[in-house]
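This report concerns only the one structure given below.
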Amino acid sequence: MAERDRSPRRPPGVAGSIAGTWPPRGAAQAGGLAPPAFAVWPSLVERLRAWVRAEAGAGRLLPWVPVAFGAGVALYFTAYREPVLSVTIAAAVAWCVGACLLRKSKFFAAAVLAAATATGFATATSKTAHVAHTVLMRPLYSVSLSGFVEARDIRERTDRFVLRVTRMDAPRLSTRLERVRLSVKKGMAPEVGSFVELKARLLPPLSPLRPGSYDFSRDLFFQGIGASGFAMGAITTVEPPESGGLALRYAALMQSLRDAIDARIRSRLDGDERAIATALLTGRRDAISEPVNDAMFISGLGHVLSISGYHMAVVAGLMFFVFRALFALMPAFSSRHPIKKWAALAALAAAAFYLLLSGAEVATQRSFIMIGIVLIGVMVDRPTLTFRTLTVAAFGVLLLAPEAIVHPSFQMSFAATLALVAGYQQGLPWMSKGGDTPLAAKIALWGGREIAGLLLVSLLAGTATIPYIAYHFHRISPYGVLANLMAMPVVSAWVMPAGILGLMSMPLGFDGLCWRLMGQGIEWMISVALWVTSFPGAVGRMAAFGTGPLLLCTAGLVVLCLLKTPLRFIGGLLIGGAIVLMIRAPQPDVLISADGSAAAVRGESGRFSVVRSGSDLFALREWLAADADARTPKDSTLGEGIRCDAAGCVGRLRDGSLVAIAKTIEAFEEDCRRAVLVVSARDAPPGCTALVVDRQVWRRSGAMALRRLGERFEITTTRPLSYDRPWRRAVAPESEAPVPPRAMPPQPRDATPREDDLEAGD
């Protein structure tokens, strides 16, 4: 008989110590064993070390590399002056070499992240140097232009097109612009690929309308556009003196294809149904009426209008199942070939065509990269819905277009995708399991799991994008989950499939029925948007806040989604702190437009009172939205609290001090004596004791925001004295035509970008 084990046995149900021994050390007492004790928990420091080691495990560093790369790109756009290209490249190379040398050191992870940050900074600097071109600094009022039409937008009230300039005759302008964007009357935009001659009035790219608002001039710079303006008189189409090149022929081909699709849709649909159908298939969404466009964004359905991940997934998924079914009906083919992989290849080709047809915007590029990785994973039998997929997509977009990181489309798209991938990996796999009980099986049979999944997906994506919607558009969608739950199943199962079938049946002439079905589904979506918009509190307005809270919230979202251990809850604390900063963000007391034609003064009521001399309402609309003010630019109450006469206007701040808007030279004497701030579109005489913002100041500083702090003002400008970037220079060249003494002519509403020009993202 084997010798009996005489070691003390562990009592059942009692956990041992961390070392796995029994009894725990120090438990023995004279006369026998100590009574059972609770397990000894590790100290907080040991627990934190264990969590850190788990987060630093193999493969856990990879998702943080694009985060560091993007941080380097974002850091580039915060610089006041353009970095030296050679220095940034040398620094990036040095950090990469250092990371390689430290690959066996405990500092390897930190070195890799530092190298990624430096590389992102250098990539953005290189992209700016690559697209560098002349940017107009002052208005030109009569310019003769000739060139090729590269793009055309059909808008609700006016049209516009991009002209690649081959000849430019302008007085006292020594340089030539490469591309300009011109607005014309409805239906007057020339065909893409044509060579035209015209006269135009050119304006500098639109600078930020207030400090901290979106920089349209930066957007146009990276598009290669140096000025915007208006065509004057007739546009003449002539024979080109030279070939437009392969890129222009490609643009003309794709534009003709979009026009053909729009014409076929127009034959069956009209109004907003036609405009939205065209937007879903070709990416042209500028013809949507303003009420419906606003309702879509207020209700939280605005993301449908921007082709991105959702649309690409529907197209690729539908084509995958269609081709797989077709291959299954061909026994000779299906018995010899893996039809699943061939269907994935066909779906990838369809997604690539959809990418080109829709204009290949940033959100669409990111979506195509992710869908491509998924389909390639199907072809090589690899799982693909991971953070690695998102990592490759982020690198792909940032390498091709690093400027996308400051665009709301990129921010919202990746925030939503990051939340969905994290939710799938940490909470959604239960959706693929069957019911364990009869009730659960019945719920799954009737689509309960799909409904719950759709609700959870809408909640995750909607919640992740709230900070970016609030930052860029100054509002949130309280009923967004409800609107998406009611509309998105119809869009997924009805609208998009009907549109894709319409595209496939166009060559055969059987597309009419598809367009009618698509229109019926779009009508339901519009009805949902208008219905949700009518709810009390549907427009959740949010006052503007700075980039600091947004960056803090972004850091919290990344930490919450990428970490696996309880350390991820640090991200929740960061998000909570960011929310507090957003709510408590200080608001300006005075706003002054970039051309001095408008000023807003916050009075004792806490709301802005506005004085303006021009008819352009775009800046005023942005000011009111950024102040969470529900009034419209034409509201009669905007003038309350302001007293005006022929010499000027006077308003009173919340502390009782006066702000004067001087219209004549004679008004300066009294205004300088009584007011603490004098604003004027003229040049102020010397010797004024009050703070003066006159023509010399706003021409140098751009739009301004002032906040009253005791007896002084805190001043923020869109163009600080030390700021000098290629898209927004500090001082205009003297060779350019000076501004005439008369007021700048106002831009029509559609000549300036609408909110949907910023794209809603995913």
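How things are named: the first chain in the structure tokens is A, the next is B, and so on; residues count from 1 in each chain; ligands count from 1 in the order shown.
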
Please return, as a short mmCIF file (atom, residue, chain, number, x, y, z; two decimals) with N, CA and C atoms, in the first residue's frame, all residues of range 130-195 of chain A that DSSP assigns to strand (DSSP E or B) on the basis of the backbone.
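Now in part-v6.cif:
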data_model
loop_
_atom_site.label_atom_id
_atom_site.label_comp_id
_atom_site.auth_asym_id
_atom_site.auth_seq_id
_atom_site.Cartn_x
_atom_site.Cartn_y
_atom_site.Cartn_z
N LEU A 140 -9.59 90.41 -55.14
CA LEU A 140 -9.34 90.90 -56.49
C LEU A 140 -10.71 91.03 -57.16
N TYR A 141 -10.98 92.19 -57.75
CA TYR A 141 -12.35 92.49 -58.15
C TYR A 141 -12.62 92.31 -59.63
N SER A 142 -11.64 92.13 -60.45
CA SER A 142 -11.87 91.86 -61.87
C SER A 142 -10.67 91.10 -62.41
N VAL A 143 -10.82 89.81 -62.52
CA VAL A 143 -9.73 88.93 -62.92
C VAL A 143 -10.17 88.11 -64.12
N SER A 144 -9.33 88.07 -65.14
CA SER A 144 -9.58 87.23 -66.31
C SER A 144 -8.93 85.87 -66.09
N LEU A 145 -9.73 84.82 -66.20
CA LEU A 145 -9.25 83.47 -65.94
C LEU A 145 -9.57 82.57 -67.13
N SER A 146 -8.71 81.59 -67.33
CA SER A 146 -8.99 80.51 -68.27
C SER A 146 -8.35 79.25 -67.71
N GLY A 147 -9.02 78.13 -67.95
CA GLY A 147 -8.50 76.88 -67.43
C GLY A 147 -9.48 75.74 -67.59
N PHE A 148 -9.12 74.61 -67.01
CA PHE A 148 -9.93 73.39 -67.10
C PHE A 148 -10.83 73.27 -65.87
N VAL A 149 -12.06 72.81 -66.09
CA VAL A 149 -13.00 72.56 -65.00
C VAL A 149 -12.72 71.17 -64.45
N GLU A 150 -12.32 71.10 -63.17
CA GLU A 150 -11.94 69.83 -62.56
C GLU A 150 -13.05 69.18 -61.75
N ALA A 151 -13.96 69.95 -61.20
CA ALA A 151 -15.04 69.40 -60.37
C ALA A 151 -16.22 70.35 -60.42
N ARG A 152 -17.40 69.81 -60.15
CA ARG A 152 -18.61 70.61 -60.18
C ARG A 152 -19.56 70.14 -59.09
N ASP A 153 -20.16 71.09 -58.37
CA ASP A 153 -21.13 70.80 -57.31
C ASP A 153 -22.46 71.42 -57.69
N ILE A 154 -23.51 70.59 -57.69
CA ILE A 154 -24.86 71.08 -57.93
C ILE A 154 -25.49 71.32 -56.57
N THR A 158 -27.34 77.73 -55.71
CA THR A 158 -26.31 78.09 -56.69
C THR A 158 -25.47 76.85 -56.96
N ASP A 159 -24.70 76.90 -58.03
CA ASP A 159 -23.74 75.85 -58.34
C ASP A 159 -22.34 76.41 -58.17
N ARG A 160 -21.37 75.53 -58.10
CA ARG A 160 -19.99 75.97 -58.04
C ARG A 160 -19.11 74.93 -58.70
N PHE A 161 -17.92 75.38 -59.11
CA PHE A 161 -16.99 74.47 -59.78
C PHE A 161 -15.57 74.88 -59.44
N VAL A 162 -14.66 73.93 -59.59
CA VAL A 162 -13.23 74.16 -59.35
C VAL A 162 -12.54 74.30 -60.69
N LEU A 163 -11.80 75.40 -60.85
CA LEU A 163 -11.10 75.70 -62.10
C LEU A 163 -9.60 75.55 -61.89
N ARG A 164 -8.99 74.71 -62.71
CA ARG A 164 -7.52 74.62 -62.72
C ARG A 164 -7.00 75.68 -63.67
N VAL A 165 -6.37 76.70 -63.13
CA VAL A 165 -6.03 77.90 -63.88
C VAL A 165 -4.81 77.66 -64.77
N THR A 166 -4.96 78.02 -66.06
CA THR A 166 -3.82 78.01 -66.98
C THR A 166 -3.35 79.42 -67.33
N ARG A 167 -4.27 80.39 -67.27
CA ARG A 167 -3.93 81.80 -67.52
C ARG A 167 -4.72 82.67 -66.56
N MET A 168 -4.04 83.70 -66.03
CA MET A 168 -4.67 84.58 -65.06
C MET A 168 -4.13 85.99 -65.25
N ASP A 169 -5.03 86.93 -65.56
CA ASP A 169 -4.66 88.33 -65.73
C ASP A 169 -5.32 89.14 -64.63
N ARG A 179 -5.51 76.79 -58.52
CA ARG A 179 -6.92 76.39 -58.59
C ARG A 179 -7.76 77.43 -57.84
N VAL A 180 -8.95 77.66 -58.34
CA VAL A 180 -9.91 78.53 -57.67
C VAL A 180 -11.27 77.85 -57.69
N ARG A 181 -12.10 78.17 -56.70
CA ARG A 181 -13.46 77.64 -56.65
C ARG A 181 -14.43 78.80 -56.85
N LEU A 182 -15.28 78.68 -57.87
CA LEU A 182 -16.15 79.78 -58.26
C LEU A 182 -17.61 79.37 -58.13
N SER A 183 -18.44 80.30 -57.69
CA SER A 183 -19.88 80.10 -57.62
C SER A 183 -20.54 80.76 -58.82
N VAL A 184 -21.57 80.12 -59.32
CA VAL A 184 -22.32 80.63 -60.47
C VAL A 184 -23.80 80.46 -60.20
N LYS A 185 -24.63 81.01 -61.07
CA LYS A 185 -26.06 80.85 -60.94
C LYS A 185 -26.46 79.39 -61.13
N PHE A 195 -12.74 73.36 -71.16
CA PHE A 195 -11.81 74.48 -71.03
C PHE A 195 -12.61 75.76 -71.21
#

Handout entry: Within 10 Å of range 276-284 of chain A using only C-alpha atoms, minus same-chain residues under 2 positions, as a PyMOL selection string
Key = chain A and resi 152-155+254-255+257-259+261-266+269-274+286-289+292-293+304-308+311+354-361+364+495-496+499-500+503+515+518-519+521-523+526

Problem - Between CA of Gly576 in chain A and CA of Asp629 in chain A - distance in Å to one decimal - result: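 A separation of 24.8 Å between them.
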
Practice task
Please provide the set of residues having any atom within 12 Å of range 339-347 of chain A, restricted to only C-alpha atoms, with same-chain residues fewer than 3 positions apart removed, written as a PyMOL selection string.
Solution key: chain A and resi 312-336+350-354+368+371-382

Please save C-alpha atoms of the selected residues as an mmCIF file, in the first residue's frame.
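The resulting file, again-v9.cif, is reproduced below:
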data_model
loop_
_atom_site.group_PDB
_atom_site.id
_atom_site.type_symbol
_atom_site.label_atom_id
_atom_site.label_comp_id
_atom_site.auth_asym_id
_atom_site.auth_seq_id
_atom_site.Cartn_x
_atom_site.Cartn_y
_atom_site.Cartn_z
ATOM 1 C CA MET A 312 -19.465 50.681 -47.752
ATOM 2 C CA ALA A 313 -20.371 47.769 -45.468
ATOM 3 C CA VAL A 314 -23.874 47.524 -46.961
ATOM 4 C CA VAL A 315 -22.550 47.592 -50.522
ATOM 5 C CA ALA A 316 -19.789 45.067 -49.864
ATOM 6 C CA GLY A 317 -22.042 42.777 -47.799
ATOM 7 C CA LEU A 318 -24.853 42.786 -50.345
ATOM 8 C CA MET A 319 -22.515 42.137 -53.265
ATOM 9 C CA PHE A 320 -20.776 39.375 -51.302
ATOM 10 C CA PHE A 321 -24.026 37.463 -50.764
ATOM 11 C CA VAL A 322 -25.278 38.139 -54.308
ATOM 12 C CA PHE A 323 -22.111 36.786 -55.922
ATOM 13 C CA ARG A 324 -21.934 33.871 -53.517
ATOM 14 C CA ALA A 325 -25.511 32.927 -54.412
ATOM 15 C CA LEU A 326 -24.751 33.220 -58.126
ATOM 16 C CA PHE A 327 -21.657 31.065 -57.810
ATOM 17 C CA ALA A 328 -23.656 28.475 -55.827
ATOM 18 C CA LEU A 329 -26.073 28.207 -58.773
ATOM 19 C CA MET A 330 -23.160 27.179 -61.015
ATOM 20 C CA PRO A 331 -22.322 23.570 -59.960
ATOM 21 C CA ALA A 332 -19.381 23.283 -62.323
ATOM 22 C CA PHE A 333 -17.755 26.329 -60.751
ATOM 23 C CA SER A 334 -18.767 25.818 -57.101
ATOM 24 C CA SER A 335 -17.531 22.224 -57.026
ATOM 25 C CA ARG A 336 -14.016 23.227 -58.078
ATOM 26 C CA ALA A 350 -17.617 46.404 -56.155
ATOM 27 C CA ALA A 351 -16.489 48.338 -53.073
ATOM 28 C CA ALA A 352 -13.579 49.828 -55.053
ATOM 29 C CA PHE A 353 -15.981 50.991 -57.771
ATOM 30 C CA TYR A 354 -18.254 52.528 -55.136
ATOM 31 C CA PHE A 368 -12.756 50.993 -47.973
ATOM 32 C CA ILE A 371 -13.727 46.589 -45.703
ATOM 33 C CA GLY A 372 -10.789 45.572 -47.877
ATOM 34 C CA ILE A 373 -8.987 44.096 -44.883
ATOM 35 C CA VAL A 374 -12.123 42.202 -43.865
ATOM 36 C CA LEU A 375 -12.649 40.768 -47.358
ATOM 37 C CA ILE A 376 -8.986 39.879 -47.748
ATOM 38 C CA GLY A 377 -9.229 38.149 -44.367
ATOM 39 C CA VAL A 378 -12.107 36.089 -45.751
ATOM 40 C CA MET A 379 -9.945 35.137 -48.724
ATOM 41 C CA VAL A 380 -7.053 34.003 -46.516
ATOM 42 C CA ASP A 381 -9.210 32.517 -43.719
ATOM 43 C CA ARG A 382 -8.195 35.034 -41.071
#

Hey, what's within 6 Å of Gly556 in chain A if we count only C-alpha atoms and toss same-chain stuff fewer than 6 positions away? As a compact mmCIF listing (two decimals) with all heavy atoms, in the first residue's frame, please?
# COMPACT_ATOMS: atom_id res chain seq x y z
N GLY A 571 -9.97 55.98 -18.30
CA GLY A 571 -10.57 56.69 -19.43
C GLY A 571 -11.90 57.30 -19.07
O GLY A 571 -12.23 58.41 -19.50
N LEU A 574 -11.22 60.47 -17.24
CA LEU A 574 -10.80 61.53 -18.16
C LEU A 574 -12.00 62.11 -18.90
O LEU A 574 -12.11 63.33 -19.08
CB LEU A 574 -9.77 60.98 -19.16
CG LEU A 574 -8.44 60.52 -18.58
CD1 LEU A 574 -7.55 59.95 -19.67
CD2 LEU A 574 -7.73 61.66 -17.87
N ILE A 575 -12.90 61.24 -19.34
CA ILE A 575 -14.10 61.72 -20.04
C ILE A 575 -14.96 62.57 -19.11
O ILE A 575 -15.49 63.61 -19.51
CB ILE A 575 -14.89 60.53 -20.61
CG1 ILE A 575 -14.07 59.83 -21.71
CG2 ILE A 575 -16.24 60.98 -21.16
CD1 ILE A 575 -14.72 58.57 -22.23

Exercise for the section: Would you please extract all helix (DSSP H, G or I) residues from range 96-214 of chain A, as assigned by DSSP on the backbone, and give them as a ChimeraX atom specification? Expected result: /A:96-101,108-131

Exercise for the section: Compile the contact shell of Leu709 in chain A as a list in words: residues with an atom at most 12 Å away, counting only C-alpha atoms, same-chain residues fewer than 5 positions apart removed. Expected result: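 Returned residues: Pro586, Gln587, Pro588, Asp589, Leu653, Arg654, Asp655, Ser657, Glu714 and Ile715 of chain A.
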
For the selection you just gave me, I'd like the residues written to a file as a CSV table (one decimal), in the first residue's frame, keeping N, CA and C atoms.
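Okay, result-v8.csv is ready:
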chain,number,residue,atom,x,y,z
A,586,PRO,N,-15.4,79.0,-20.5
A,586,PRO,CA,-15.7,80.4,-20.5
A,586,PRO,C,-16.1,80.9,-21.9
A,587,GLN,N,-17.1,81.8,-21.9
A,587,GLN,CA,-17.6,82.4,-23.2
A,587,GLN,C,-17.2,83.8,-23.4
A,588,PRO,N,-17.0,84.3,-24.6
A,588,PRO,CA,-16.5,85.6,-24.8
A,588,PRO,C,-17.6,86.6,-24.5
A,589,ASP,N,-17.2,87.9,-24.2
A,589,ASP,CA,-18.2,89.0,-24.0
A,589,ASP,C,-18.3,89.8,-25.3
A,653,LEU,N,-21.9,96.0,-21.5
A,653,LEU,CA,-21.5,94.7,-21.1
A,653,LEU,C,-22.2,94.3,-19.8
A,654,ARG,N,-22.0,93.1,-19.3
A,654,ARG,CA,-22.7,92.6,-18.1
A,654,ARG,C,-22.2,93.4,-16.9
A,655,ASP,N,-21.0,93.9,-16.9
A,655,ASP,CA,-20.5,94.7,-15.7
A,655,ASP,C,-20.9,96.2,-15.8
A,657,SER,N,-20.0,98.4,-18.2
A,657,SER,CA,-19.1,99.2,-19.0
A,657,SER,C,-19.6,99.2,-20.4
A,714,GLU,N,-9.3,90.0,-22.1
A,714,GLU,CA,-8.5,88.9,-22.6
A,714,GLU,C,-8.8,88.8,-24.0
A,715,ILE,N,-7.9,88.9,-24.9
A,715,ILE,CA,-8.1,89.0,-26.4
A,715,ILE,C,-7.6,87.7,-27.0
